[in-house]
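What's in protein03.cif: mmCIF, C-alpha atoms
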```
data_data
#
loop_
_atom_site.group_PDB
_atom_site.id
_atom_site.type_symbol
_atom_site.label_atom_id
_atom_site.label_comp_id
_atom_site.auth_asym_id
_atom_site.auth_seq_id
_atom_site.Cartn_x
_atom_site.Cartn_y
_atom_site.Cartn_z
ATOM 1 C CA MET A 26 -28.849 11.544 -13.003
ATOM 2 C CA THR A 27 -29.372 15.030 -14.407
ATOM 3 C CA GLY A 28 -27.293 14.285 -17.507
ATOM 4 C CA VAL A 29 -24.328 12.682 -15.690
ATOM 5 C CA ALA A 30 -23.480 9.203 -16.986
ATOM 6 C CA LEU A 31 -23.072 6.202 -14.694
ATOM 7 C CA LEU A 32 -20.518 4.001 -16.450
ATOM 8 C CA GLU A 33 -20.230 0.238 -16.288
ATOM 9 C CA GLY A 34 -18.628 -0.855 -13.007
ATOM 10 C CA GLU A 35 -19.625 2.320 -11.161
ATOM 11 C CA ARG A 36 -22.159 2.922 -8.437
ATOM 12 C CA LEU A 37 -23.811 6.015 -6.977
ATOM 13 C CA ASP A 38 -23.582 6.509 -3.210
ATOM 14 C CA ASP A 39 -25.324 8.978 -0.929
ATOM 15 C CA LEU A 40 -22.713 11.049 0.918
ATOM 16 C CA GLN A 41 -25.255 11.871 3.661
ATOM 17 C CA LEU A 42 -24.041 15.474 3.656
ATOM 18 C CA CYS A 43 -25.877 18.469 2.168
ATOM 19 C CA GLY A 44 -27.740 16.147 -0.197
ATOM 20 C CA MET A 45 -24.547 15.321 -2.128
ATOM 21 C CA LYS A 46 -23.896 12.043 -3.937
ATOM 22 C CA ILE A 47 -20.657 10.469 -5.111
ATOM 23 C CA LEU A 48 -19.713 8.124 -7.935
ATOM 24 C CA GLN A 49 -17.440 5.238 -6.980
ATOM 25 C CA LYS A 50 -16.044 2.056 -8.498
ATOM 26 C CA GLU A 51 -17.941 -1.086 -7.580
ATOM 27 C CA LYS A 52 -14.716 -3.106 -7.365
ATOM 28 C CA GLY A 53 -12.005 -0.442 -7.385
ATOM 29 C CA PHE A 54 -10.812 2.088 -4.830
ATOM 30 C CA ARG A 55 -13.535 3.637 -2.641
ATOM 31 C CA PHE A 56 -13.122 6.193 0.091
ATOM 32 C CA GLY A 57 -13.111 5.071 3.718
ATOM 33 C CA MET A 58 -13.049 6.376 7.253
ATOM 34 C CA ASP A 59 -9.591 7.937 6.890
ATOM 35 C CA ALA A 60 -10.983 10.552 4.465
ATOM 36 C CA VAL A 61 -13.824 11.408 6.845
ATOM 37 C CA LEU A 62 -11.434 11.764 9.790
ATOM 38 C CA LEU A 63 -9.123 13.977 7.742
ATOM 39 C CA ALA A 64 -11.991 16.244 6.672
ATOM 40 C CA ASP A 65 -12.900 16.741 10.317
ATOM 41 C CA PHE A 66 -9.267 17.406 11.308
ATOM 42 C CA VAL A 67 -8.542 19.971 8.573
ATOM 43 C CA ARG A 68 -8.491 23.617 9.615
ATOM 44 C CA ALA A 69 -9.563 25.696 6.630
ATOM 45 C CA HIS A 70 -11.457 28.977 6.581
ATOM 46 C CA ARG A 71 -14.659 29.397 4.614
ATOM 47 C CA GLY A 72 -12.954 31.675 2.075
ATOM 48 C CA ASP A 73 -9.858 29.493 1.538
ATOM 49 C CA THR A 74 -8.575 28.052 -1.705
ATOM 50 C CA VAL A 75 -7.889 24.370 -1.039
ATOM 51 C CA ALA A 76 -5.872 21.896 -3.113
ATOM 52 C CA ASP A 77 -6.431 18.151 -2.770
ATOM 53 C CA PHE A 78 -3.457 15.968 -3.718
ATOM 54 C CA GLY A 79 -4.443 12.586 -5.169
ATOM 55 C CA THR A 80 -8.175 13.186 -4.919
ATOM 56 C CA GLY A 81 -9.261 9.702 -6.064
ATOM 57 C CA THR A 82 -13.072 9.722 -5.975
ATOM 58 C CA GLY A 83 -13.063 13.437 -5.180
ATOM 59 C CA VAL A 84 -14.539 12.880 -1.740
ATOM 60 C CA LEU A 85 -12.362 15.310 0.245
ATOM 61 C CA PRO A 86 -13.456 18.469 -1.608
ATOM 62 C CA LEU A 87 -17.086 17.405 -1.113
ATOM 63 C CA LEU A 88 -16.639 16.717 2.595
ATOM 64 C CA LEU A 89 -14.789 19.985 3.156
ATOM 65 C CA TYR A 90 -17.325 21.970 1.125
ATOM 66 C CA GLY A 91 -20.162 20.432 3.134
ATOM 67 C CA ARG A 92 -18.442 21.482 6.366
ATOM 68 C CA GLY A 93 -17.821 25.044 5.223
ATOM 69 C CA LYS A 94 -14.060 24.506 5.057
ATOM 70 C CA GLY A 95 -13.022 26.314 1.906
ATOM 71 C CA GLN A 96 -14.547 28.300 -0.942
ATOM 72 C CA ARG A 97 -12.631 27.026 -3.988
ATOM 73 C CA PHE A 98 -11.186 23.549 -4.451
ATOM 74 C CA ILE A 99 -8.650 22.227 -6.962
ATOM 75 C CA ALA A 100 -8.329 18.444 -6.979
ATOM 76 C CA LEU A 101 -5.408 16.704 -8.697
ATOM 77 C CA GLU A 102 -5.596 13.069 -9.749
ATOM 78 C CA LEU A 103 -3.058 11.142 -11.847
ATOM 79 C CA GLN A 104 -5.417 8.418 -13.054
ATOM 80 C CA ALA A 105 -7.487 9.715 -15.946
ATOM 81 C CA ASP A 106 -10.459 7.418 -15.285
ATOM 82 C CA MET A 107 -10.626 8.433 -11.614
ATOM 83 C CA ALA A 108 -10.306 12.112 -12.515
ATOM 84 C CA ASP A 109 -13.127 11.722 -15.032
ATOM 85 C CA MET A 110 -15.335 10.032 -12.449
ATOM 86 C CA ALA A 111 -14.561 12.723 -9.848
ATOM 87 C CA GLY A 112 -15.393 15.388 -12.436
ATOM 88 C CA ARG A 113 -18.743 13.759 -13.155
ATOM 89 C CA THR A 114 -19.440 13.720 -9.400
ATOM 90 C CA VAL A 115 -18.752 17.461 -9.332
ATOM 91 C CA ARG A 116 -21.233 18.025 -12.167
ATOM 92 C CA LEU A 117 -23.776 15.728 -10.527
ATOM 93 C CA ASN A 118 -23.718 17.947 -7.425
ATOM 94 C CA HIS A 119 -23.723 21.189 -9.471
ATOM 95 C CA LEU A 120 -20.391 22.298 -8.004
ATOM 96 C CA GLU A 121 -18.615 23.206 -11.244
ATOM 97 C CA GLU A 122 -18.042 26.769 -10.001
ATOM 98 C CA THR A 123 -16.575 25.492 -6.725
ATOM 99 C CA VAL A 124 -14.564 22.331 -7.462
ATOM 100 C CA GLN A 125 -12.115 21.855 -10.340
ATOM 101 C CA VAL A 126 -10.685 18.401 -11.047
ATOM 102 C CA LEU A 127 -7.380 18.220 -12.927
ATOM 103 C CA SER A 128 -6.110 14.988 -14.453
ATOM 104 C CA ALA A 129 -2.451 15.586 -13.674
ATOM 105 C CA PRO A 130 0.334 14.377 -11.377
ATOM 106 C CA VAL A 131 0.656 16.159 -8.048
ATOM 107 C CA GLU A 132 4.218 17.157 -8.972
ATOM 108 C CA ASP A 133 2.765 19.483 -11.636
ATOM 109 C CA ALA A 134 0.797 21.516 -9.077
ATOM 110 C CA PRO A 135 3.238 24.476 -8.967
ATOM 111 C CA SER A 136 3.074 25.006 -12.740
ATOM 112 C CA LEU A 137 -0.688 24.409 -12.933
ATOM 113 C CA LEU A 138 -1.833 26.344 -9.872
ATOM 114 C CA GLY A 139 0.973 28.853 -9.412
ATOM 115 C CA ARG A 140 3.344 29.369 -6.504
ATOM 116 C CA ALA A 141 1.994 30.723 -3.218
ATOM 117 C CA SER A 142 -1.557 30.534 -4.600
ATOM 118 C CA VAL A 143 -3.252 28.161 -2.137
ATOM 119 C CA ASP A 144 -4.292 28.548 1.513
ATOM 120 C CA THR A 145 -4.610 24.861 2.413
ATOM 121 C CA VAL A 146 -3.455 21.548 0.952
ATOM 122 C CA VAL A 147 -5.095 18.277 1.984
ATOM 123 C CA CYS A 148 -3.723 14.835 1.260
ATOM 124 C CA ASN A 149 -4.948 11.288 1.833
ATOM 125 C CA PRO A 150 -1.954 9.681 0.099
ATOM 126 C CA PRO A 151 -1.113 6.140 -0.944
ATOM 127 C CA TYR A 152 0.200 4.348 2.141
ATOM 128 C CA GLY A 153 2.308 1.635 0.502
ATOM 129 C CA SER A 154 5.984 2.585 0.498
ATOM 130 C CA PRO A 155 8.143 1.667 -2.532
ATOM 131 C CA GLY A 156 9.099 -2.007 -2.470
ATOM 132 C CA SER A 157 7.495 -2.701 0.919
ATOM 133 C CA THR A 158 4.433 -4.580 -0.309
ATOM 134 C CA LEU A 159 3.278 -6.466 -3.385
ATOM 135 C CA ARG A 160 1.480 -4.175 -5.803
ATOM 136 C CA ASN A 161 -2.150 -4.943 -6.447
ATOM 137 C CA PRO A 162 -2.595 -6.438 -9.936
ATOM 138 C CA ASP A 163 -5.512 -4.037 -10.455
ATOM 139 C CA GLU A 164 -3.678 -0.932 -11.720
ATOM 140 C CA THR A 165 -6.243 1.511 -10.312
ATOM 141 C CA ARG A 166 -5.922 0.063 -6.838
ATOM 142 C CA ALA A 167 -2.151 -0.188 -7.148
ATOM 143 C CA LEU A 168 -1.726 3.473 -8.044
ATOM 144 C CA SER A 169 -4.101 4.584 -5.290
ATOM 145 C CA ARG A 170 -2.328 2.535 -2.615
ATOM 146 C CA HIS A 171 1.373 2.632 -3.503
ATOM 147 C CA GLN A 172 3.796 5.544 -3.589
ATOM 148 C CA GLY A 173 6.342 6.230 -6.309
ATOM 149 C CA GLU A 174 10.062 5.551 -6.051
ATOM 150 C CA GLU A 175 10.701 8.819 -4.165
ATOM 151 C CA GLY A 176 7.859 8.254 -1.738
ATOM 152 C CA LEU A 177 5.861 11.358 -0.893
ATOM 153 C CA THR A 178 8.802 13.776 -0.923
ATOM 154 C CA PRO A 179 7.790 15.274 -4.326
ATOM 155 C CA TRP A 180 4.252 15.807 -2.982
ATOM 156 C CA TYR A 181 5.522 17.688 0.060
ATOM 157 C CA ARG A 182 7.742 19.867 -2.123
ATOM 158 C CA ALA A 183 4.836 20.635 -4.445
ATOM 159 C CA ALA A 184 2.635 21.522 -1.470
ATOM 160 C CA SER A 185 5.292 23.838 -0.073
ATOM 161 C CA ALA A 186 5.601 25.554 -3.442
ATOM 162 C CA ILE A 187 1.882 26.285 -3.913
ATOM 163 C CA LEU A 188 1.092 27.216 -0.301
ATOM 164 C CA LYS A 189 1.042 30.817 0.793
ATOM 165 C CA ASP A 190 3.270 31.782 3.718
ATOM 166 C CA HIS A 191 1.859 30.114 6.860
ATOM 167 C CA GLY A 192 -0.497 28.052 4.712
ATOM 168 C CA ARG A 193 -1.520 24.665 6.101
ATOM 169 C CA PHE A 194 -0.896 21.122 4.879
ATOM 170 C CA ALA A 195 -3.077 18.386 6.423
ATOM 171 C CA MET A 196 -2.712 14.664 5.870
ATOM 172 C CA VAL A 197 -3.659 11.247 7.250
ATOM 173 C CA TYR A 198 -0.937 8.601 7.404
ATOM 174 C CA PRO A 199 -0.115 5.278 9.108
ATOM 175 C CA ALA A 200 0.856 6.030 12.713
ATOM 176 C CA PRO A 201 3.947 3.757 12.725
ATOM 177 C CA ARG A 202 5.403 5.882 9.884
ATOM 178 C CA MET A 203 4.505 9.336 11.168
ATOM 179 C CA LEU A 204 8.091 10.262 12.084
ATOM 180 C CA GLU A 205 9.184 9.522 8.521
ATOM 181 C CA ALA A 206 6.423 11.819 7.237
ATOM 182 C CA MET A 207 7.298 14.583 9.701
ATOM 183 C CA ARG A 208 10.979 14.540 8.761
ATOM 184 C CA GLN A 209 10.158 14.747 5.066
ATOM 185 C CA LEU A 210 7.660 17.551 5.681
ATOM 186 C CA GLU A 211 10.286 19.578 7.553
ATOM 187 C CA ASP A 212 12.798 19.008 4.753
ATOM 188 C CA ALA A 213 10.227 20.492 2.347
ATOM 189 C CA GLY A 214 9.728 23.595 4.492
ATOM 190 C CA LEU A 215 6.509 22.412 6.148
ATOM 191 C CA THR A 216 6.705 22.377 9.960
ATOM 192 C CA PRO A 217 4.495 19.819 11.770
ATOM 193 C CA LYS A 218 2.257 21.760 14.175
ATOM 194 C CA ARG A 219 -0.697 19.517 15.105
ATOM 195 C CA LEU A 220 -0.939 15.776 15.659
ATOM 196 C CA ARG A 221 -3.899 13.547 16.480
ATOM 197 C CA LEU A 222 -3.512 9.793 16.789
ATOM 198 C CA VAL A 223 -6.373 7.449 15.874
ATOM 199 C CA TYR A 224 -6.867 4.279 17.944
ATOM 200 C CA PRO A 225 -9.181 1.438 16.835
ATOM 201 C CA ARG A 226 -9.861 0.782 20.535
ATOM 202 C CA VAL A 227 -8.517 2.207 23.764
ATOM 203 C CA SER A 228 -6.591 -1.040 24.348
ATOM 204 C CA LYS A 229 -4.956 -0.997 20.887
ATOM 205 C CA SER A 230 -2.002 0.906 19.464
ATOM 206 C CA PRO A 231 -2.800 3.824 17.130
ATOM 207 C CA ASN A 232 -3.076 2.911 13.458
ATOM 208 C CA LEU A 233 -3.475 6.357 11.899
ATOM 209 C CA ALA A 234 -1.961 9.793 12.467
ATOM 210 C CA LEU A 235 -3.614 13.061 11.486
ATOM 211 C CA ILE A 236 -0.874 15.626 10.877
ATOM 212 C CA GLU A 237 -1.026 19.344 10.151
ATOM 213 C CA ALA A 238 2.095 21.189 9.019
ATOM 214 C CA VAL A 239 2.507 24.924 8.403
ATOM 215 C CA LYS A 240 4.692 26.543 5.768
ATOM 216 C CA GLY A 241 7.298 28.596 7.578
ATOM 217 C CA GLY A 242 5.898 27.673 10.988
ATOM 218 C CA LYS A 243 7.894 27.645 14.212
ATOM 219 C CA PRO A 244 8.952 24.199 15.516
ATOM 220 C CA LEU A 245 6.290 23.638 18.184
ATOM 221 C CA LEU A 246 4.098 20.510 17.933
ATOM 222 C CA GLN A 247 0.653 20.517 19.558
ATOM 223 C CA PRO A 248 -0.581 16.954 20.280
ATOM 224 C CA GLU A 249 -4.390 16.710 20.396
ATOM 225 C CA PRO A 250 -6.573 14.296 22.419
ATOM 226 C CA PRO A 251 -6.589 10.755 21.014
ATOM 227 C CA LEU A 252 -9.416 9.710 18.741
ATOM 228 C CA ILE A 253 -10.880 6.320 19.715
ATOM 229 C CA VAL A 254 -13.022 4.600 17.072
ATOM 230 C CA PHE A 255 -14.756 1.793 19.015
ATOM 231 C CA ASP A 256 -15.762 1.625 22.674
ATOM 232 C CA GLY A 257 -15.645 -1.482 24.866
ATOM 233 C CA GLU A 258 -18.959 -2.713 23.445
ATOM 234 C CA GLY A 259 -17.777 -2.444 19.859
ATOM 235 C CA ALA A 260 -19.902 0.622 19.098
ATOM 236 C CA TRP A 261 -18.671 3.911 17.690
ATOM 237 C CA THR A 262 -17.502 6.324 20.374
ATOM 238 C CA PRO A 263 -19.338 9.654 20.873
ATOM 239 C CA GLU A 264 -16.427 11.467 19.196
ATOM 240 C CA LEU A 265 -16.658 9.332 16.072
ATOM 241 C CA ARG A 266 -20.432 9.776 15.991
ATOM 242 C CA ARG A 267 -19.886 13.537 16.188
ATOM 243 C CA ILE A 268 -17.510 13.384 13.233
ATOM 244 C CA TYR A 269 -20.089 11.438 11.233
ATOM 245 C CA GLY A 270 -22.888 13.833 12.155
ATOM 246 C CA LEU A 271 -24.700 11.769 14.808
ATOM 247 C CA ASP A 272 -24.723 8.626 12.697
ATOM 248 C CA GLN A 273 -26.194 10.445 9.684
ATOM 249 C CA ALA A 274 -23.354 9.284 7.433
ATOM 250 C CA ALA A 275 -22.197 5.816 6.554
ATOM 251 C CA VAL A 276 -18.701 4.552 5.893
ATOM 252 C CA THR A 277 -18.166 3.547 2.283
ATOM 253 C CA GLY A 278 -15.297 1.203 1.614
#
```

Could you render the structure as structure tokens?
Amino acid sequence: MTGVALLEGERLDDLQLCGMKILQKEKGFRFGMDAVLLADFVRAHRGDTVADFGTGTGVLPLLLYGRGKGQRFIALELQADMADMAGRTVRLNHLEETVQVLSAPVEDAPSLLGRASVDTVVCNPPYGSPGSTLRNPDETRALSRHQGEEGLTPWYRAASAILKDHGRFAMVYPAPRMLEAMRQLEDAGLTPKRLRLVYPRVSKSPNLALIEAVKGGKPLLQPEPPLIVFDGEGAWTPELRRIYGLDQAAVTG
């Protein structure tokens, strides 16, 4: 693997995008469809500096880079082993000059990156709210799926601090909790501007919400057409196939 070590319990997956590959845990957290949907939803210019909060495997910087959404990426990850694995993925794909992985809590972003230094922040956060569900006994999975005692409020504040004026914050979140997220974003100075709901099927309620907020934006929300995952025959819809590049990519998770 061109000098990049594959450690015990890891596997190497083909990202099916620009020839890139990604290291993932065989039994731990692996990226899923929500990351792919978020990468498609994000609006970032080719020359942007992009920060990824809670990068996990490091998949979002790779997906955004492959789509021409951003020029420089800084990925923050609290878990040292995950940050190390994401860093090895960066080296494996020869992206050291493009993607930087920092083993640090998201709350440290303002001191590490500098205030008003970033054009776009992306976030596929832990969904489990404090005390709402039993924590997974596997610590890696627990940290990747459960929020801290203050929820995501510190993340939103950190994003607001590092974003330039009118910079964008994009996230994916459970649809039933999207109002909670929007209120907290507004409190942090990030105004929700775009919303796209994800439906497993046309007959089902939405399970995910893709949200874009703008620092210092005016309070005007633009709902986008719904995203349906499966059609009546149980196959991916044309829109989902477009997002995955005409079935050239596979879901890992």

Note to self: I'd like the residues picked by the PyMOL selection byres ((chain A and resi 94) around 12) written out as a ChimeraX atom specification, using the chain letters and numbers from the file.
What the structure shows: /A:63-76,85-93,95-98,144-147

Check: Written as a list in words, which residues does the PyMOL selection byres ((chain A and resi 102) around 7) give for the file shown?
Finding: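 Answer for the PyMOL selection byres ((chain A and resi 102) around 7): Gly79, Thr80, Gly81, Ala100, Leu101, Leu103, Gln104, Ala108, Leu127, Ser128, Ala129 and Pro130 of chain A.
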
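Restricting the calculation to all atoms listed in the file, the smallest distance between Asp190 in chain A and any of A:Gly153, A:Gly241, A:Pro217, A:Pro263 is found for A:Gly241.
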
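Against this structure, the PyMOL selection byres ((chain A and resi 186) around 9) ends up with Ala134, Pro135, Gly139, Arg140, Ala141, Ser142, Tyr181, Arg182, Ala183, Ala184, Ser185, Ile187, Leu188, Lys189 and Ala213 of chain A.
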
Margin query: Just to confirm, what's the straight-line distance from CA of Leu40 in chain A to CA of Tyr198 in chain A in Å (one decimal)?
Written below: 22.9 Å

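Atom to atom, CA of Ala111 in chain A and CA of Gly192 in chain A stand 25.4 Å apart.
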